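Novice: What follows is the file query-v6.cif, containing mmCIF, C-alpha atoms, pLDDT in the B column; chains and numbers go by the auth columns:
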data_final
loop_
_atom_site.group_PDB
_atom_site.id
_atom_site.type_symbol
_atom_site.label_atom_id
_atom_site.label_comp_id
_atom_site.label_asym_id
_atom_site.label_seq_id
_atom_site.Cartn_x
_atom_site.Cartn_y
_atom_site.Cartn_z
_atom_site.B_iso_or_equiv
_atom_site.auth_seq_id
_atom_site.auth_asym_id
ATOM 1 C CA MET A 1 0.000 0.000 0.000 89.00 1 A
ATOM 2 C CA SER A 2 1.273 3.474 -0.867 92.00 2 A
ATOM 3 C CA HIS A 3 2.181 5.839 1.949 95.00 3 A
ATOM 4 C CA ALA A 4 1.913 9.582 1.376 96.00 4 A
ATOM 5 C CA ILE A 5 4.453 12.039 2.740 95.00 5 A
ATOM 6 C CA ALA A 6 4.479 15.838 2.605 96.00 6 A
ATOM 7 C CA ALA A 7 7.247 16.156 0.007 95.00 7 A
ATOM 8 C CA PRO A 8 7.495 17.290 -3.641 94.00 8 A
ATOM 9 C CA GLY A 9 7.633 14.790 -6.474 96.00 9 A
ATOM 10 C CA LYS A 10 10.962 14.234 -8.195 96.00 10 A
ATOM 11 C CA LEU A 11 9.609 15.375 -11.571 97.00 11 A
ATOM 12 C CA LEU A 12 9.011 18.922 -10.315 98.00 12 A
ATOM 13 C CA LEU A 13 11.606 21.499 -11.294 98.00 13 A
ATOM 14 C CA THR A 14 13.647 23.461 -8.783 98.00 14 A
ATOM 15 C CA PRO A 15 15.784 26.546 -9.478 98.00 15 A
ATOM 16 C CA GLN A 16 18.911 24.485 -8.806 98.00 16 A
ATOM 17 C CA ASP A 17 18.364 21.433 -11.027 98.00 17 A
ATOM 18 C CA HIS A 18 18.088 22.740 -14.581 98.00 18 A
ATOM 19 C CA THR A 19 19.443 24.978 -17.303 98.00 19 A
ATOM 20 C CA LEU A 20 17.050 27.210 -19.226 99.00 20 A
ATOM 21 C CA ILE A 21 17.914 27.681 -22.911 99.00 21 A
ATOM 22 C CA LEU A 22 16.130 30.500 -24.734 98.00 22 A
ATOM 23 C CA ILE A 23 16.435 30.032 -28.475 98.00 23 A
ATOM 24 C CA ASP A 24 15.991 32.449 -31.395 97.00 24 A
ATOM 25 C CA PHE A 25 13.490 34.886 -29.909 97.00 25 A
ATOM 26 C CA GLN A 26 14.286 37.211 -32.824 96.00 26 A
ATOM 27 C CA SER A 27 12.375 39.550 -35.082 93.00 27 A
ATOM 28 C CA GLN A 28 12.686 37.581 -38.322 93.00 28 A
ATOM 29 C CA MET A 29 11.537 34.381 -36.618 94.00 29 A
ATOM 30 C CA ALA A 30 8.609 36.146 -34.962 95.00 30 A
ATOM 31 C CA PHE A 31 7.321 37.661 -38.213 95.00 31 A
ATOM 32 C CA ALA A 32 6.308 34.229 -39.537 96.00 32 A
ATOM 33 C CA THR A 33 5.052 32.824 -36.213 98.00 33 A
ATOM 34 C CA LYS A 34 1.302 32.169 -36.454 98.00 34 A
ATOM 35 C CA SER A 35 0.593 29.564 -33.755 98.00 35 A
ATOM 36 C CA ILE A 36 0.565 32.175 -30.977 98.00 36 A
ATOM 37 C CA ASP A 37 -0.168 35.895 -30.907 97.00 37 A
ATOM 38 C CA ALA A 38 3.042 37.940 -30.956 96.00 38 A
ATOM 39 C CA VAL A 39 2.039 39.933 -27.861 96.00 39 A
ATOM 40 C CA ALA A 40 1.352 36.739 -25.890 97.00 40 A
ATOM 41 C CA LEU A 41 4.611 35.217 -27.088 98.00 41 A
ATOM 42 C CA ARG A 42 6.656 38.230 -26.011 97.00 42 A
ATOM 43 C CA ASN A 43 4.839 38.374 -22.686 97.00 43 A
ATOM 44 C CA ASN A 44 5.426 34.687 -21.935 98.00 44 A
ATOM 45 C CA ALA A 45 9.070 34.960 -22.967 98.00 45 A
ATOM 46 C CA ALA A 46 9.472 37.908 -20.614 98.00 46 A
ATOM 47 C CA LEU A 47 7.768 36.032 -17.774 98.00 47 A
ATOM 48 C CA ILE A 48 10.045 32.997 -17.920 98.00 48 A
ATOM 49 C CA SER A 49 13.132 35.167 -18.411 98.00 49 A
ATOM 50 C CA HIS A 50 12.448 37.262 -15.328 98.00 50 A
ATOM 51 C CA ALA A 51 11.511 34.149 -13.364 98.00 51 A
ATOM 52 C CA ALA A 52 14.780 32.434 -14.247 98.00 52 A
ATOM 53 C CA ALA A 53 16.831 35.552 -13.547 98.00 53 A
ATOM 54 C CA GLY A 54 15.080 36.161 -10.233 98.00 54 A
ATOM 55 C CA PHE A 55 15.498 32.581 -9.007 98.00 55 A
ATOM 56 C CA GLY A 56 19.089 32.335 -10.203 98.00 56 A
ATOM 57 C CA VAL A 57 18.470 29.663 -12.830 98.00 57 A
ATOM 58 C CA PRO A 58 21.487 29.340 -15.156 98.00 58 A
ATOM 59 C CA THR A 59 20.248 30.535 -18.530 98.00 59 A
ATOM 60 C CA ILE A 60 21.712 30.361 -22.008 98.00 60 A
ATOM 61 C CA LEU A 61 20.633 32.964 -24.558 98.00 61 A
ATOM 62 C CA THR A 62 21.240 31.933 -28.137 98.00 62 A
ATOM 63 C CA THR A 63 20.440 33.433 -31.535 97.00 63 A
ATOM 64 C CA VAL A 64 20.872 32.410 -35.157 94.00 64 A
ATOM 65 C CA ALA A 65 22.389 34.752 -37.751 78.00 65 A
ATOM 66 C CA GLU A 66 21.669 37.746 -35.528 82.00 66 A
ATOM 67 C CA LYS A 67 23.577 40.355 -37.543 84.00 67 A
ATOM 68 C CA SER A 68 23.032 39.033 -41.052 81.00 68 A
ATOM 69 C CA PHE A 69 19.393 37.916 -41.106 81.00 69 A
ATOM 70 C CA SER A 70 17.304 37.234 -37.993 86.00 70 A
ATOM 71 C CA GLY A 71 17.765 40.416 -35.969 90.00 71 A
ATOM 72 C CA PRO A 72 18.139 41.055 -32.238 94.00 72 A
ATOM 73 C CA MET A 73 16.722 38.973 -29.435 97.00 73 A
ATOM 74 C CA PHE A 74 13.558 40.327 -27.807 97.00 74 A
ATOM 75 C CA SER A 75 14.453 43.136 -25.415 96.00 75 A
ATOM 76 C CA GLU A 76 12.028 41.666 -22.845 96.00 76 A
ATOM 77 C CA ILE A 77 14.479 38.780 -22.514 98.00 77 A
ATOM 78 C CA THR A 78 17.794 40.591 -22.632 97.00 78 A
ATOM 79 C CA GLU A 79 16.681 43.146 -20.035 97.00 79 A
ATOM 80 C CA ALA A 80 16.305 40.274 -17.555 98.00 80 A
ATOM 81 C CA PHE A 81 19.959 39.316 -18.109 98.00 81 A
ATOM 82 C CA PRO A 82 21.831 42.615 -18.434 97.00 82 A
ATOM 83 C CA GLY A 83 25.313 42.229 -19.828 95.00 83 A
ATOM 84 C CA GLN A 84 24.964 38.530 -20.626 97.00 84 A
ATOM 85 C CA ALA A 85 26.514 37.499 -23.918 96.00 85 A
ATOM 86 C CA LEU A 86 24.301 35.945 -26.580 97.00 86 A
ATOM 87 C CA LEU A 87 25.671 32.867 -28.312 98.00 87 A
ATOM 88 C CA ASP A 88 25.073 33.310 -32.042 97.00 88 A
ATOM 89 C CA ARG A 89 24.926 30.199 -34.217 97.00 89 A
ATOM 90 C CA THR A 90 24.795 29.042 -37.802 95.00 90 A
ATOM 91 C CA SER A 91 23.149 25.708 -36.927 96.00 91 A
ATOM 92 C CA MET A 92 19.372 25.385 -36.732 96.00 92 A
ATOM 93 C CA ASN A 93 19.853 22.756 -34.017 98.00 93 A
ATOM 94 C CA THR A 94 21.273 24.519 -30.969 98.00 94 A
ATOM 95 C CA TRP A 95 22.611 21.193 -29.673 98.00 95 A
ATOM 96 C CA GLU A 96 25.036 21.030 -32.617 98.00 96 A
ATOM 97 C CA ASP A 97 26.708 24.314 -31.667 98.00 97 A
ATOM 98 C CA ALA A 98 29.999 23.795 -29.827 98.00 98 A
ATOM 99 C CA ALA A 99 29.820 27.060 -27.859 98.00 99 A
ATOM 100 C CA VAL A 100 26.341 26.284 -26.548 98.00 100 A
ATOM 101 C CA ILE A 101 27.313 22.738 -25.577 98.00 101 A
ATOM 102 C CA ALA A 102 30.428 24.003 -23.806 98.00 102 A
ATOM 103 C CA ARG A 103 28.162 26.258 -21.747 98.00 103 A
ATOM 104 C CA VAL A 104 25.712 23.409 -21.035 98.00 104 A
ATOM 105 C CA ASN A 105 28.596 21.258 -19.793 98.00 105 A
ATOM 106 C CA ALA A 106 30.075 24.088 -17.712 98.00 106 A
ATOM 107 C CA ILE A 107 26.724 24.576 -15.978 98.00 107 A
ATOM 108 C CA GLY A 108 26.384 20.832 -15.490 98.00 108 A
ATOM 109 C CA LYS A 109 22.665 20.445 -14.775 98.00 109 A
ATOM 110 C CA PRO A 110 20.817 17.184 -15.590 98.00 110 A
ATOM 111 C CA ARG A 111 17.657 18.904 -16.803 98.00 111 A
ATOM 112 C CA ILE A 112 17.192 21.191 -19.795 99.00 112 A
ATOM 113 C CA VAL A 113 14.225 23.565 -20.153 99.00 113 A
ATOM 114 C CA LEU A 114 13.639 24.928 -23.654 99.00 114 A
ATOM 115 C CA ALA A 115 11.664 27.803 -25.147 99.00 115 A
ATOM 116 C CA GLY A 116 11.946 29.647 -28.435 98.00 116 A
ATOM 117 C CA LEU A 117 11.202 29.869 -32.147 98.00 117 A
ATOM 118 C CA TRP A 118 10.298 27.835 -34.079 98.00 118 A
ATOM 119 C CA THR A 119 8.947 24.838 -32.201 98.00 119 A
ATOM 120 C CA GLY A 120 9.274 22.417 -35.108 98.00 120 A
ATOM 121 C CA VAL A 121 12.892 23.239 -35.920 97.00 121 A
ATOM 122 C CA CYS A 122 14.857 25.096 -33.272 97.00 122 A
ATOM 123 C CA ILE A 123 13.140 23.437 -30.289 98.00 123 A
ATOM 124 C CA VAL A 124 12.663 19.916 -31.667 98.00 124 A
ATOM 125 C CA GLY A 125 16.346 19.735 -32.612 98.00 125 A
ATOM 126 C CA PRO A 126 17.855 20.334 -29.172 98.00 126 A
ATOM 127 C CA ALA A 127 15.024 18.521 -27.378 99.00 127 A
ATOM 128 C CA LEU A 128 15.535 15.261 -29.264 98.00 128 A
ATOM 129 C CA SER A 129 19.313 15.623 -29.149 98.00 129 A
ATOM 130 C CA ALA A 130 19.432 16.263 -25.399 98.00 130 A
ATOM 131 C CA LEU A 131 17.051 13.377 -24.714 98.00 131 A
ATOM 132 C CA ASP A 132 19.265 11.108 -26.808 98.00 132 A
ATOM 133 C CA GLN A 133 22.229 12.054 -24.620 98.00 133 A
ATOM 134 C CA GLY A 134 20.444 11.268 -21.369 98.00 134 A
ATOM 135 C CA PHE A 135 19.189 14.688 -20.268 98.00 135 A
ATOM 136 C CA GLU A 136 15.675 15.278 -18.973 98.00 136 A
ATOM 137 C CA VAL A 137 13.929 17.824 -21.188 99.00 137 A
ATOM 138 C CA TYR A 138 11.059 20.206 -20.437 99.00 138 A
ATOM 139 C CA VAL A 139 9.476 22.468 -23.060 99.00 139 A
ATOM 140 C CA ILE A 140 7.567 25.644 -22.176 99.00 140 A
ATOM 141 C CA ALA A 141 4.882 25.257 -24.838 98.00 141 A
ATOM 142 C CA ASP A 142 3.346 28.729 -24.687 98.00 142 A
ATOM 143 C CA ALA A 143 6.763 30.358 -24.901 98.00 143 A
ATOM 144 C CA CYS A 144 7.329 28.620 -28.235 98.00 144 A
ATOM 145 C CA GLY A 145 5.746 29.254 -31.616 98.00 145 A
ATOM 146 C CA ASP A 146 5.749 28.070 -35.195 98.00 146 A
ATOM 147 C CA VAL A 147 4.525 29.039 -38.656 98.00 147 A
ATOM 148 C CA SER A 148 1.136 27.401 -38.013 98.00 148 A
ATOM 149 C CA GLU A 149 -0.815 25.792 -35.182 98.00 149 A
ATOM 150 C CA GLU A 150 -0.374 22.469 -36.970 98.00 150 A
ATOM 151 C CA ALA A 151 3.403 22.857 -37.050 98.00 151 A
ATOM 152 C CA HIS A 152 3.552 23.759 -33.360 98.00 152 A
ATOM 153 C CA GLU A 153 1.260 20.954 -32.214 98.00 153 A
ATOM 154 C CA ARG A 154 2.962 18.261 -34.296 98.00 154 A
ATOM 155 C CA ALA A 155 6.319 19.389 -32.909 98.00 155 A
ATOM 156 C CA MET A 156 5.045 19.285 -29.333 98.00 156 A
ATOM 157 C CA GLN A 157 3.614 15.802 -29.868 98.00 157 A
ATOM 158 C CA ARG A 158 6.844 14.574 -31.419 98.00 158 A
ATOM 159 C CA MET A 159 8.864 15.790 -28.419 98.00 159 A
ATOM 160 C CA ILE A 160 6.380 14.400 -25.898 98.00 160 A
ATOM 161 C CA GLN A 161 6.447 11.011 -27.621 98.00 161 A
ATOM 162 C CA ALA A 162 10.229 11.056 -27.272 98.00 162 A
ATOM 163 C CA GLY A 163 10.007 11.826 -23.554 98.00 163 A
ATOM 164 C CA ALA A 164 9.978 15.616 -23.242 98.00 164 A
ATOM 165 C CA ARG A 165 7.681 17.141 -20.628 98.00 165 A
ATOM 166 C CA PRO A 166 5.467 20.089 -21.632 98.00 166 A
ATOM 167 C CA MET A 167 4.614 22.996 -19.352 98.00 167 A
ATOM 168 C CA THR A 168 3.474 26.620 -19.546 98.00 168 A
ATOM 169 C CA ALA A 169 5.097 29.928 -18.644 98.00 169 A
ATOM 170 C CA VAL A 170 3.007 30.604 -15.522 98.00 170 A
ATOM 171 C CA GLN A 171 3.459 26.988 -14.478 98.00 171 A
ATOM 172 C CA TYR A 172 7.237 27.464 -14.737 98.00 172 A
ATOM 173 C CA LEU A 173 7.151 30.554 -12.506 98.00 173 A
ATOM 174 C CA LEU A 174 4.927 28.961 -9.867 98.00 174 A
ATOM 175 C CA GLU A 175 6.856 25.703 -9.892 98.00 175 A
ATOM 176 C CA LEU A 176 10.010 27.606 -9.003 98.00 176 A
ATOM 177 C CA GLN A 177 8.195 29.252 -6.066 98.00 177 A
ATOM 178 C CA ARG A 178 5.979 26.269 -5.142 97.00 178 A
ATOM 179 C CA ASP A 179 5.298 27.405 -1.560 95.00 179 A
ATOM 180 C CA TRP A 180 3.967 30.820 -0.547 93.00 180 A
ATOM 181 C CA ALA A 181 5.696 30.374 2.813 93.00 181 A
ATOM 182 C CA ARG A 182 8.987 30.964 0.990 94.00 182 A
ATOM 183 C CA THR A 183 8.899 34.625 1.834 93.00 183 A
ATOM 184 C CA GLY A 184 12.304 35.397 0.336 96.00 184 A
ATOM 185 C CA THR A 185 10.930 35.053 -3.196 97.00 185 A
ATOM 186 C CA TYR A 186 7.286 35.921 -2.538 94.00 186 A
ATOM 187 C CA GLU A 187 7.509 39.507 -3.786 95.00 187 A
ATOM 188 C CA LEU A 188 9.621 38.407 -6.739 97.00 188 A
ATOM 189 C CA THR A 189 7.059 35.820 -7.842 97.00 189 A
ATOM 190 C CA THR A 190 3.987 37.959 -7.368 95.00 190 A
ATOM 191 C CA GLY A 191 5.749 40.941 -8.937 95.00 191 A
ATOM 192 C CA ILE A 192 6.517 38.940 -12.079 97.00 192 A
ATOM 193 C CA ALA A 193 2.947 37.633 -12.133 96.00 193 A
ATOM 194 C CA ARG A 194 1.523 41.129 -11.759 95.00 194 A
ATOM 195 C CA ARG A 195 3.664 42.428 -14.615 95.00 195 A
ATOM 196 C CA PHE A 196 3.449 39.526 -17.056 96.00 196 A
ATOM 197 C CA GLY A 197 0.804 37.126 -15.719 93.00 197 A
ATOM 198 C CA GLY A 198 -2.229 38.444 -17.584 91.00 198 A
ATOM 199 C CA ALA A 199 -5.542 37.973 -15.780 92.00 199 A
ATOM 200 C CA TYR A 200 -3.789 36.129 -12.949 91.00 200 A
ATOM 201 C CA GLY A 201 -1.621 39.187 -12.365 87.00 201 A
ATOM 202 C CA LEU A 202 -4.651 41.463 -12.457 90.00 202 A
ATOM 203 C CA GLY A 203 -6.236 39.310 -9.775 89.00 203 A
ATOM 204 C CA ILE A 204 -3.196 39.660 -7.528 87.00 204 A
ATOM 205 C CA THR A 205 -3.179 43.433 -8.007 88.00 205 A
ATOM 206 C CA TYR A 206 -6.914 43.666 -7.278 86.00 206 A
ATOM 207 C CA ALA A 207 -6.741 41.531 -4.131 84.00 207 A
ATOM 208 C CA LYS A 208 -3.756 43.403 -2.726 81.00 208 A
ATOM 209 C CA THR A 209 -5.205 46.824 -3.537 83.00 209 A
ATOM 210 C CA MET A 210 -8.773 46.262 -2.411 84.00 210 A
ATOM 211 C CA PHE A 211 -8.313 44.263 0.776 79.00 211 A
ATOM 212 C CA GLY A 212 -4.626 43.600 1.318 77.00 212 A
ATOM 213 C CA ALA A 213 -4.838 39.915 0.480 74.00 213 A
ATOM 214 C CA GLN A 214 -1.710 37.800 0.234 76.00 214 A
ATOM 215 C CA GLU A 215 -1.233 34.184 -0.774 73.00 215 A
ATOM 216 C CA GLY A 216 -0.401 31.955 2.164 67.00 216 A
ATOM 217 C CA HIS A 217 -1.971 34.275 4.754 61.00 217 A
#
Could I get this structure in the form of structure tokens?

Specialist:
Amino acid sequence: MSHAIAAPGKLLLTPQDHTLILIDFQSQMAFATKSIDAVALRNNAALISHAAAGFGVPTILTTVAEKSFSGPMFSEITEAFPGQALLDRTSMNTWEDAAVIARVNAIGKPRIVLAGLWTGVCIVGPALSALDQGFEVYVIADACGDVSEEAHERAMQRMIQAGARPMTAVQYLLELQRDWARTGTYELTTGIARRFGGAYGLGITYAKTMFGAQEGH
């Protein structure tokens, strides 16, 4: 018979156990993205970037042909990591870039969390490659996009069938916090939610403003 204990499951992410890789959030890639609204995409990318930066998650920022074709990375992302170098590539598959892999190995985490453009090329490539090499892979589905809903969904299914675990941007933020009694990151988490969390953030603002409500109290 199973015996329950008050402890988190091993499949839940913590700030200490993974590397976040943000891939090709660039103008040229966004122009053709149709599976998600551009405003929602930028918002979700900003949310996970500020969450990772705030919780100290090691994060790799990588672009493809930044100067010659694809343009700069979204400012919502780079502002969360001021001064951090972007690793520019020629390869569509991030996992085939030596500089990125050197950084992955230097960080040394067993789990990889991916988000970026496009799902069916620049996310599928590293997801399947990392899985093949024994890493656990998570994909933030609503911080990815592709040229059509069909392309995005088929890519997500392909990765899930291979063993990747899907999640959402707000889920990523709240999984890093996971307990409102962790007061050291309470204001960080709710602040990110209020700024980028859509209707959830509006609810936090309303509750705090109208009657001083606070999660966990």

Novice: Choose the residue, out of A:Ala151, A:Met159, A:Val104, A:Ile204, that has the smallest atom-to-atom separation from Ile36 of chain A; count all atoms listed in the file.

Specialist: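 Once distances to Ile36 of chain A are computed over all atoms listed in the file, the minimum belongs to A:Ala151.
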
Novice: Let me know the residues the PyMOL selection byres ((chain A and resi 180-189) around 9) catches in the file above, as a PDB file with C-alpha atoms, keeping the file's coordinate frame.

Specialist:
ATOM      1  CA  ALA A  51      11.511  34.149 -13.364  1.00 98.00           C
ATOM      2  CA  GLY A  54      15.080  36.161 -10.233  1.00 98.00           C
ATOM      3  CA  PHE A  55      15.498  32.581  -9.007  1.00 98.00           C
ATOM      4  CA  LEU A 173       7.151  30.554 -12.506  1.00 98.00           C
ATOM      5  CA  LEU A 174       4.927  28.961  -9.867  1.00 98.00           C
ATOM      6  CA  LEU A 176      10.010  27.606  -9.003  1.00 98.00           C
ATOM      7  CA  GLN A 177       8.195  29.252  -6.066  1.00 98.00           C
ATOM      8  CA  ARG A 178       5.979  26.269  -5.142  1.00 97.00           C
ATOM      9  CA  ASP A 179       5.298  27.405  -1.560  1.00 95.00           C
ATOM     10  CA  THR A 190       3.987  37.959  -7.368  1.00 95.00           C
ATOM     11  CA  GLY A 191       5.749  40.941  -8.937  1.00 95.00           C
ATOM     12  CA  ILE A 192       6.517  38.940 -12.079  1.00 97.00           C
ATOM     13  CA  ALA A 193       2.947  37.633 -12.133  1.00 96.00           C
ATOM     14  CA  ARG A 194       1.523  41.129 -11.759  1.00 95.00           C
ATOM     15  CA  GLU A 215      -1.233  34.184  -0.774  1.00 73.00           C
ATOM     16  CA  GLY A 216      -0.401  31.955   2.164  1.00 67.00           C
ATOM     17  CA  HIS A 217      -1.971  34.275   4.754  1.00 61.00           C
TER      18      HIS A 217
END

Novice: Out of A:Gln26, A:Ser75, A:Asn93, A:Thr19, which residue has the shortest atom-to-atom distance to Leu117 of chain A when counting all atoms listed in the file?

Specialist: A:Gln26

Novice: Using all atoms listed in the file, which residue out of A:Ala199, A:Ala85, A:Val147, A:Ala52 lies closest to Pro15 of chain A?

Specialist: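 Among the listed residues, the smallest separation from Pro15 of chain A belongs to A:Ala52.
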
Novice: Find the distance between atom CA of Trp118 of chain A and atom CA of Glu136 of chain A and write it in Å to one decimal.

Specialist: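 Straight-line distance from atom CA of Trp118 of chain A to atom CA of Glu136 of chain A works out to 20.4 Å.
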
Novice: Quick one: distance from atom CA of Gly163 of chain A to atom CA of His3 of chain A in Å, one decimal?

Specialist: 27.3 Å

Novice: For atom CA of Ser27 of chain A and atom CA of Ile123 of chain A, quote the distance in Å rounded to one decimal.

Specialist: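 Atom-to-atom, atom CA of Ser27 of chain A and atom CA of Ile123 of chain A are spaced 16.8 Å apart.
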
Novice: Rank nothing, just name the residue among A:Pro82, A:Gly198, A:Pro8, A:Pro58 nearest to Gly108 of chain A, using all atoms listed in the file.

Specialist: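 The closest residue to Gly108 of chain A is A:Pro58.
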
Novice: When you count only C-alpha atoms, which of these residues is closest to Val100 of chain A: A:Phe135, A:Met29, A:Thr62, A:Lys34?

Specialist: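 The answer is A:Thr62, which sits nearest to Val100 of chain A.
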
Novice: The PyMOL selection byres ((chain A and resi 103) around 12) - which residues does that actually catch in the file I just gave you? List them as a list of chain:residue names.

Specialist: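 Selection result, ordered by chain and number: A:Thr19, A:Leu20, A:Ile21, A:Pro58, A:Thr59, A:Ile60, A:Leu61, A:Thr62, A:Ala85, A:Leu86, A:Leu87, A:Thr94, A:Trp95, A:Asp97, A:Ala98, A:Ala99, A:Val100, A:Ile101, A:Ala102, A:Val104, A:Asn105, A:Ala106, A:Ile107, A:Gly108, A:Lys109.
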
Novice: Can you pull out every residue within 9 Å of Thr63 of chain A, counting all atoms listed in the file, but drop anything in the same chain fewer than 2 positions away, and send it as an NGL selection string?

Specialist: :A and (22-26 or 61 or 65-66 or 70-73 or 86-90 or 94)

Novice: Need to verify the contact set: segment 10-13 of chain A, 10 Å, only C-alpha atoms, exclusion of same-chain residues closer than 3 positions in sequence. Can you return it as a tab-separated table (two decimals) with C-alpha atoms, in the coordinates of the input?

Specialist:
chain	number	residue	atom	x	y	z
A	7	ALA	CA	7.25	16.16	0.01
A	16	GLN	CA	18.91	24.48	-8.81
A	17	ASP	CA	18.36	21.43	-11.03
A	18	HIS	CA	18.09	22.74	-14.58
A	111	ARG	CA	17.66	18.90	-16.80
A	113	VAL	CA	14.22	23.56	-20.15
A	136	GLU	CA	15.68	15.28	-18.97
A	138	TYR	CA	11.06	20.21	-20.44
A	165	ARG	CA	7.68	17.14	-20.63
A	172	TYR	CA	7.24	27.46	-14.74
A	175	GLU	CA	6.86	25.70	-9.89
A	176	LEU	CA	10.01	27.61	-9.00
A	177	GLN	CA	8.20	29.25	-6.07
A	178	ARG	CA	5.98	26.27	-5.14

Novice: Name the residues captured by the PyMOL selection byres ((chain A and resi 37) around 12) when it is applied to the shown file; answer as number ranges by chain.

Specialist: A: 30-36, 38-44, 142-149

Novice: Restricting the output to C-alpha atoms, write the selected residues as a compact mmCIF listing (two decimals), in the frame of the given file.

Specialist:
# COMPACT_ATOMS: atom_id res chain seq x y z
CA ALA A 30 8.61 36.15 -34.96
CA PHE A 31 7.32 37.66 -38.21
CA ALA A 32 6.31 34.23 -39.54
CA THR A 33 5.05 32.82 -36.21
CA LYS A 34 1.30 32.17 -36.45
CA SER A 35 0.59 29.56 -33.76
CA ILE A 36 0.56 32.17 -30.98
CA ALA A 38 3.04 37.94 -30.96
CA VAL A 39 2.04 39.93 -27.86
CA ALA A 40 1.35 36.74 -25.89
CA LEU A 41 4.61 35.22 -27.09
CA ARG A 42 6.66 38.23 -26.01
CA ASN A 43 4.84 38.37 -22.69
CA ASN A 44 5.43 34.69 -21.94
CA ASP A 142 3.35 28.73 -24.69
CA ALA A 143 6.76 30.36 -24.90
CA CYS A 144 7.33 28.62 -28.24
CA GLY A 145 5.75 29.25 -31.62
CA ASP A 146 5.75 28.07 -35.20
CA VAL A 147 4.53 29.04 -38.66
CA SER A 148 1.14 27.40 -38.01
CA GLU A 149 -0.82 25.79 -35.18

Novice: Show me, as a PyMOL selection string, the residues that have an atom within 10 Å of Ile160 of chain A when counting all atoms listed in the file, minus same-chain residues fewer than 2 positions from it.

Specialist: chain A and resi 127-128+137-139+154-158+162-166

Novice: With only C-alpha atoms as the atoms that count, which of A:Gly212, A:Gly203, A:Pro126, A:Gly116 lies nearest to Ala46 of chain A?

Specialist: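 Of the candidates, the smallest distance to Ala46 of chain A is held by A:Gly116.
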
Novice: Atoms are missing here; could segment 7-19 of chain A be completed with N, CA and C atoms and written as a PDB file, in the frame of the given file?

Specialist:
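Output file part30.pdb follows:
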ATOM      1  N   ALA A   7       6.001  15.873   0.713  1.00 95.00           N
ATOM      2  CA  ALA A   7       7.247  16.156   0.007  1.00 95.00           C
ATOM      3  C   ALA A   7       6.960  16.288  -1.485  1.00 95.00           C
ATOM      4  N   PRO A   8       7.735  17.106  -2.207  1.00 94.00           N
ATOM      5  CA  PRO A   8       7.495  17.290  -3.641  1.00 94.00           C
ATOM      6  C   PRO A   8       7.920  16.070  -4.444  1.00 94.00           C
ATOM      7  N   GLY A   9       7.254  15.855  -5.565  1.00 96.00           N
ATOM      8  CA  GLY A   9       7.633  14.790  -6.474  1.00 96.00           C
ATOM      9  C   GLY A   9       8.943  15.100  -7.185  1.00 96.00           C
ATOM     10  N   LYS A  10       9.650  14.064  -7.573  1.00 96.00           N
ATOM     11  CA  LYS A  10      10.962  14.234  -8.195  1.00 96.00           C
ATOM     12  C   LYS A  10      10.893  14.860  -9.589  1.00 96.00           C
ATOM     13  N   LEU A  11       9.727  14.815 -10.228  1.00 97.00           N
ATOM     14  CA  LEU A  11       9.609  15.375 -11.571  1.00 97.00           C
ATOM     15  C   LEU A  11       9.420  16.886 -11.568  1.00 97.00           C
ATOM     16  N   LEU A  12       9.161  17.472 -10.403  1.00 98.00           N
ATOM     17  CA  LEU A  12       9.011  18.922 -10.315  1.00 98.00           C
ATOM     18  C   LEU A  12      10.369  19.608 -10.451  1.00 98.00           C
ATOM     19  N   LEU A  13      10.382  20.725 -11.145  1.00 98.00           N
ATOM     20  CA  LEU A  13      11.606  21.499 -11.294  1.00 98.00           C
ATOM     21  C   LEU A  13      11.910  22.295 -10.042  1.00 98.00           C
ATOM     22  N   THR A  14      13.193  22.514  -9.799  1.00 98.00           N
ATOM     23  CA  THR A  14      13.647  23.461  -8.783  1.00 98.00           C
ATOM     24  C   THR A  14      14.605  24.443  -9.459  1.00 98.00           C
ATOM     25  N   PRO A  15      14.850  25.597  -8.856  1.00 98.00           N
ATOM     26  CA  PRO A  15      15.784  26.546  -9.478  1.00 98.00           C
ATOM     27  C   PRO A  15      17.198  25.996  -9.627  1.00 98.00           C
ATOM     28  N   GLN A  16      17.539  24.990  -8.834  1.00 98.00           N
ATOM     29  CA  GLN A  16      18.911  24.485  -8.806  1.00 98.00           C
ATOM     30  C   GLN A  16      19.174  23.315  -9.749  1.00 98.00           C
ATOM     31  N   ASP A  17      18.138  22.717 -10.348  1.00 98.00           N
ATOM     32  CA  ASP A  17      18.364  21.433 -11.027  1.00 98.00           C
ATOM     33  C   ASP A  17      18.323  21.497 -12.549  1.00 98.00           C
ATOM     34  N   HIS A  18      18.221  22.688 -13.132  1.00 98.00           N
ATOM     35  CA  HIS A  18      18.088  22.740 -14.581  1.00 98.00           C
ATOM     36  C   HIS A  18      18.760  23.964 -15.192  1.00 98.00           C
ATOM     37  N   THR A  19      18.976  23.862 -16.484  1.00 98.00           N
ATOM     38  CA  THR A  19      19.443  24.978 -17.303  1.00 98.00           C
ATOM     39  C   THR A  19      18.308  25.397 -18.232  1.00 98.00           C
TER      40      THR A  19
END
